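Here's the structure, in structure tokens; my notes come after.
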Amino acid sequence: QVQLVESGGGLVQAGGSLRLSCAVSGSIFSFNAMGWYRQAPGRQRELVAIISSGGSTNYADSVTGRFTISRDNAKNTAYLQMNSLKPEDTGVYYCRYTNARDTYWGQGTQVTVSS
């Protein structure tokens, strides 16, 4: 079955950087889009960034210019490089993978940005 395993969250000071990874198994990764979402306490889950199978990207306005989504099809892995982090970036970050059969979510990784 399809599995997504995330890593890379943690605690960082404002202005710092983190890199999240999402490894996909059980599906032909290169054919499909990947997305990163986040959910802050008391708020709905929101889209952060998305990358198509061809490498086209889109970002939420709040992270444009600070975050970069990328993918390595040889490693079946997507990444989210987060720079210039702000306290409002705090939340649980989830990767999402959609293929022809279904949509799958990672387990989530906590990102905490202290001021």
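Residues are named by chain letter and number: chains run A, B, ... in the order of the structure tokens, numbers start at 1 in each chain, and ligands are numbered from 1 in the order shown.
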Contacts of stretch 60-66 of chain A within 10 Å, only C-alpha atoms, excl. fewer than 4 positions in-chain, as JSON, numbers by chain: {"A": [17, 37, 46, 47, 48, 49, 50, 81, 82, 83, 84, 85, 86, 88, 89]}
Write a file of the selected residues as a short mmCIF file (atom, residue, chain, number, x, y, z; two decimals), in the first residue's frame, keeping all heavy atoms.
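Okay, this is what ended up in result-v9.cif:
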data_model
loop_
_atom_site.label_atom_id
_atom_site.label_comp_id
_atom_site.auth_asym_id
_atom_site.auth_seq_id
_atom_site.Cartn_x
_atom_site.Cartn_y
_atom_site.Cartn_z
N SER A 17 15.98 28.16 9.82
CA SER A 17 15.57 27.32 8.69
C SER A 17 15.35 25.88 9.14
O SER A 17 15.97 25.41 10.09
CB SER A 17 16.66 27.33 7.61
OG SER A 17 16.85 28.63 7.09
N TYR A 37 1.04 20.75 3.49
CA TYR A 37 -0.02 21.48 4.20
C TYR A 37 0.43 21.68 5.63
O TYR A 37 1.33 20.98 6.12
CB TYR A 37 -1.32 20.67 4.17
CG TYR A 37 -1.95 20.56 2.81
CD1 TYR A 37 -1.38 19.75 1.83
CD2 TYR A 37 -3.10 21.27 2.48
CE1 TYR A 37 -1.94 19.64 0.57
CE2 TYR A 37 -3.68 21.17 1.23
CZ TYR A 37 -3.10 20.35 0.28
OH TYR A 37 -3.66 20.26 -0.97
N GLU A 46 -4.17 24.11 5.99
CA GLU A 46 -4.06 24.98 4.82
C GLU A 46 -2.93 24.53 3.92
O GLU A 46 -1.93 23.96 4.38
CB GLU A 46 -3.80 26.43 5.26
CG GLU A 46 -2.51 26.64 6.02
CD GLU A 46 -2.26 28.11 6.35
OE1 GLU A 46 -3.05 28.98 5.96
OE2 GLU A 46 -1.23 28.38 7.01
N LEU A 47 -3.09 24.82 2.65
CA LEU A 47 -2.06 24.49 1.68
C LEU A 47 -0.87 25.42 1.84
O LEU A 47 -1.03 26.64 1.95
CB LEU A 47 -2.62 24.61 0.26
CG LEU A 47 -1.61 24.43 -0.87
CD1 LEU A 47 -1.09 23.00 -0.91
CD2 LEU A 47 -2.25 24.80 -2.21
N VAL A 48 0.31 24.85 1.84
CA VAL A 48 1.55 25.63 1.92
C VAL A 48 2.20 25.71 0.53
O VAL A 48 2.55 26.79 0.06
CB VAL A 48 2.53 25.01 2.92
CG1 VAL A 48 3.86 25.75 2.90
CG2 VAL A 48 1.94 25.01 4.32
N ALA A 49 2.37 24.56 -0.11
CA ALA A 49 3.04 24.53 -1.41
C ALA A 49 2.68 23.23 -2.11
O ALA A 49 2.36 22.23 -1.47
CB ALA A 49 4.56 24.62 -1.24
N ILE A 50 2.77 23.27 -3.43
CA ILE A 50 2.47 22.08 -4.23
C ILE A 50 3.44 22.03 -5.40
O ILE A 50 3.86 23.08 -5.90
CB ILE A 50 1.00 22.08 -4.70
CG1 ILE A 50 0.63 20.75 -5.34
CG2 ILE A 50 0.73 23.25 -5.63
CD1 ILE A 50 -0.87 20.59 -5.52
N GLN A 81 11.91 23.20 1.88
CA GLN A 81 12.94 24.02 2.51
C GLN A 81 12.28 25.28 3.03
O GLN A 81 11.67 26.02 2.25
CB GLN A 81 14.04 24.37 1.50
CG GLN A 81 15.12 25.26 2.06
CD GLN A 81 15.95 24.58 3.13
OE1 GLN A 81 16.34 23.43 2.97
NE2 GLN A 81 16.23 25.29 4.22
N MET A 82 12.41 25.51 4.32
CA MET A 82 11.76 26.65 4.96
C MET A 82 12.82 27.57 5.54
O MET A 82 13.57 27.17 6.45
CB MET A 82 10.81 26.17 6.07
CG MET A 82 9.78 25.16 5.58
SD MET A 82 8.59 24.67 6.85
CE MET A 82 9.67 23.81 7.99
N ASN A 83 12.90 28.77 5.01
CA ASN A 83 13.86 29.77 5.46
C ASN A 83 13.13 30.95 6.06
O ASN A 83 11.92 31.14 5.84
CB ASN A 83 14.73 30.24 4.29
CG ASN A 83 15.54 29.12 3.68
OD1 ASN A 83 15.94 28.18 4.36
ND2 ASN A 83 15.78 29.20 2.38
N SER A 84 13.86 31.76 6.80
CA SER A 84 13.29 32.97 7.41
C SER A 84 11.99 32.65 8.15
O SER A 84 10.98 33.34 7.99
CB SER A 84 13.03 34.04 6.34
OG SER A 84 14.23 34.36 5.67
N LEU A 85 12.04 31.63 8.95
CA LEU A 85 10.84 31.17 9.64
C LEU A 85 10.33 32.20 10.63
O LEU A 85 11.11 32.94 11.25
CB LEU A 85 11.11 29.84 10.34
CG LEU A 85 11.12 28.63 9.41
CD1 LEU A 85 11.84 27.45 10.03
CD2 LEU A 85 9.69 28.25 9.04
N LYS A 86 9.01 32.24 10.74
CA LYS A 86 8.34 33.18 11.63
C LYS A 86 7.50 32.38 12.65
O LYS A 86 7.09 31.25 12.37
CB LYS A 86 7.40 34.07 10.83
CG LYS A 86 8.06 34.84 9.71
CD LYS A 86 7.04 35.62 8.89
CE LYS A 86 7.69 36.39 7.75
NZ LYS A 86 6.68 37.15 6.96
N GLU A 88 4.48 32.56 13.25
CA GLU A 88 3.20 32.17 12.65
C GLU A 88 3.33 30.97 11.71
O GLU A 88 2.32 30.47 11.22
CB GLU A 88 2.57 33.35 11.91
CG GLU A 88 3.47 34.05 10.93
CD GLU A 88 4.13 35.29 11.52
OE1 GLU A 88 4.59 35.23 12.69
OE2 GLU A 88 4.18 36.31 10.80
N ASP A 89 4.53 30.50 11.46
CA ASP A 89 4.72 29.27 10.68
C ASP A 89 4.57 28.03 11.57
O ASP A 89 4.59 26.90 11.05
CB ASP A 89 6.10 29.25 10.03
CG ASP A 89 6.28 30.32 8.97
OD1 ASP A 89 5.33 30.54 8.19
OD2 ASP A 89 7.36 30.94 8.93
#
Excluding A:Asp72 and any residue of its chain fewer than 6 positions from it, enumerate the residues within 10 Å of it, using only C-alpha atoms, and give them as a PDB file with N, CA and C atoms, in the first residue's frame.
ATOM      1  N   ALA A  23       8.960  10.890   2.219  1.00  0.00           N
ATOM      2  CA  ALA A  23       9.308   9.742   1.392  1.00  0.00           C
ATOM      3  C   ALA A  23       8.054   8.923   1.090  1.00  0.00           C
ATOM      4  N   PHE A  29       5.858   7.407  -7.869  1.00  0.00           N
ATOM      5  CA  PHE A  29       5.949   8.773  -7.360  1.00  0.00           C
ATOM      6  C   PHE A  29       6.057   9.803  -8.459  1.00  0.00           C
ATOM      7  N   SER A  30       6.848   9.535  -9.480  1.00  0.00           N
ATOM      8  CA  SER A  30       7.173  10.550 -10.477  1.00  0.00           C
ATOM      9  C   SER A  30       5.964  10.979 -11.297  1.00  0.00           C
ATOM     10  N   GLY A  55       7.258  19.351 -12.144  1.00  0.00           N
ATOM     11  CA  GLY A  55       8.104  20.270 -11.393  1.00  0.00           C
ATOM     12  C   GLY A  55       7.555  21.677 -11.247  1.00  0.00           C
ATOM     13  N   ALA A  78       9.819  14.125  -1.569  1.00  0.00           N
ATOM     14  CA  ALA A  78       9.572  15.549  -1.739  1.00  0.00           C
ATOM     15  C   ALA A  78      10.141  16.284  -0.536  1.00  0.00           C
ATOM     16  N   TYR A  79      10.494  17.535  -0.764  1.00  0.00           N
ATOM     17  CA  TYR A  79      11.125  18.335   0.281  1.00  0.00           C
ATOM     18  C   TYR A  79      10.418  19.672   0.404  1.00  0.00           C
TER      19      TYR A  79
END
Pairwise distance for atom CA of A:Tyr97 and atom CA of A:Pro41, rounded to one decimal in Å: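 Distance between the two atoms: 23.1 Å.
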All strand (DSSP E or B) residues (DSSP, backbone) inside chain A, as a PyMOL selection string: chain A and resi 3-7+10-13+18-25+34-39+46-51+57-59+67-72+77-82+91-98+103-105+109-114
Spatial neighbours of A:Val111, max dist 7 Å, only C-alpha atoms, sep filter under 6 positions, as a PyMOL selection string: chain A and resi 9-11+90-93
Selection: 10 Å around A:Gln1, only C-alpha atoms, excl. self and same-chain fewer than 2 positions, as a list in words: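 The residues that qualify are Gln3, Ser25, Gly26 and Ser27 of chain A.
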For the selection you just gave me, I'd like the residues written to a file as a PDB file, in the first residue's frame, keeping all heavy atoms.
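File written: result35.pdb
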ATOM      1  N   GLN A   3       2.530   4.505   1.332  1.00  0.00           N
ATOM      2  CA  GLN A   3       2.898   5.053   2.634  1.00  0.00           C
ATOM      3  C   GLN A   3       3.718   6.319   2.445  1.00  0.00           C
ATOM      4  O   GLN A   3       4.540   6.401   1.534  1.00  0.00           O
ATOM      5  CB  GLN A   3       3.704   4.037   3.443  1.00  0.00           C
ATOM      6  CG  GLN A   3       2.881   2.858   3.925  1.00  0.00           C
ATOM      7  CD  GLN A   3       3.657   1.955   4.874  1.00  0.00           C
ATOM      8  OE1 GLN A   3       4.849   1.752   4.707  1.00  0.00           O
ATOM      9  NE2 GLN A   3       2.974   1.422   5.866  1.00  0.00           N
ATOM     10  N   SER A  25       6.309   5.500  -0.654  1.00  0.00           N
ATOM     11  CA  SER A  25       6.518   4.129  -1.112  1.00  0.00           C
ATOM     12  C   SER A  25       5.191   3.537  -1.554  1.00  0.00           C
ATOM     13  O   SER A  25       4.123   3.992  -1.133  1.00  0.00           O
ATOM     14  CB  SER A  25       7.126   3.264  -0.010  1.00  0.00           C
ATOM     15  OG  SER A  25       6.261   3.214   1.107  1.00  0.00           O
ATOM     16  N   GLY A  26       5.264   2.552  -2.443  1.00  0.00           N
ATOM     17  CA  GLY A  26       4.062   1.855  -2.869  1.00  0.00           C
ATOM     18  C   GLY A  26       3.335   2.476  -4.035  1.00  0.00           C
ATOM     19  O   GLY A  26       2.210   2.066  -4.344  1.00  0.00           O
ATOM     20  N   SER A  27       3.941   3.472  -4.693  1.00  0.00           N
ATOM     21  CA  SER A  27       3.286   4.114  -5.823  1.00  0.00           C
ATOM     22  C   SER A  27       4.339   4.677  -6.753  1.00  0.00           C
ATOM     23  O   SER A  27       5.498   4.854  -6.370  1.00  0.00           O
ATOM     24  CB  SER A  27       2.361   5.231  -5.333  1.00  0.00           C
ATOM     25  OG  SER A  27       1.655   5.831  -6.406  1.00  0.00           O
TER      26      SER A  27
END
Among the residues A:Gln13, A:Thr57, A:Gln39, A:Gln107, the one that comes closest to A:Leu80 [using only C-alpha atoms]: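 Of A:Gln13, A:Thr57, A:Gln39, A:Gln107, the one nearest A:Leu80, counting only C-alpha atoms, is A:Thr57.
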Point-to-point distance from atom CA of A:Thr68 to atom CA of A:Ala14, Å rounded to tenths: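 These two atoms are separated by 17.4 Å.
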Proximity to A:Val12 - best of A:Tyr104, A:Arg96, A:Pro87, A:Thr109, only C-alpha atoms: A:Pro87
Atomic distance atom CA of A:Arg71 - atom CA of A:Asp102, expressed in Å with one decimal: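 Atom CA of A:Arg71 sits 20.0 Å away from atom CA of A:Asp102.
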Shortest interatomic distance to A:Thr103 - which of A:Ile28, A:Val5, A:Met34, A:Leu18, counting only C-alpha atoms: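 Distance minimum relative to A:Thr103 lands on A:Met34.
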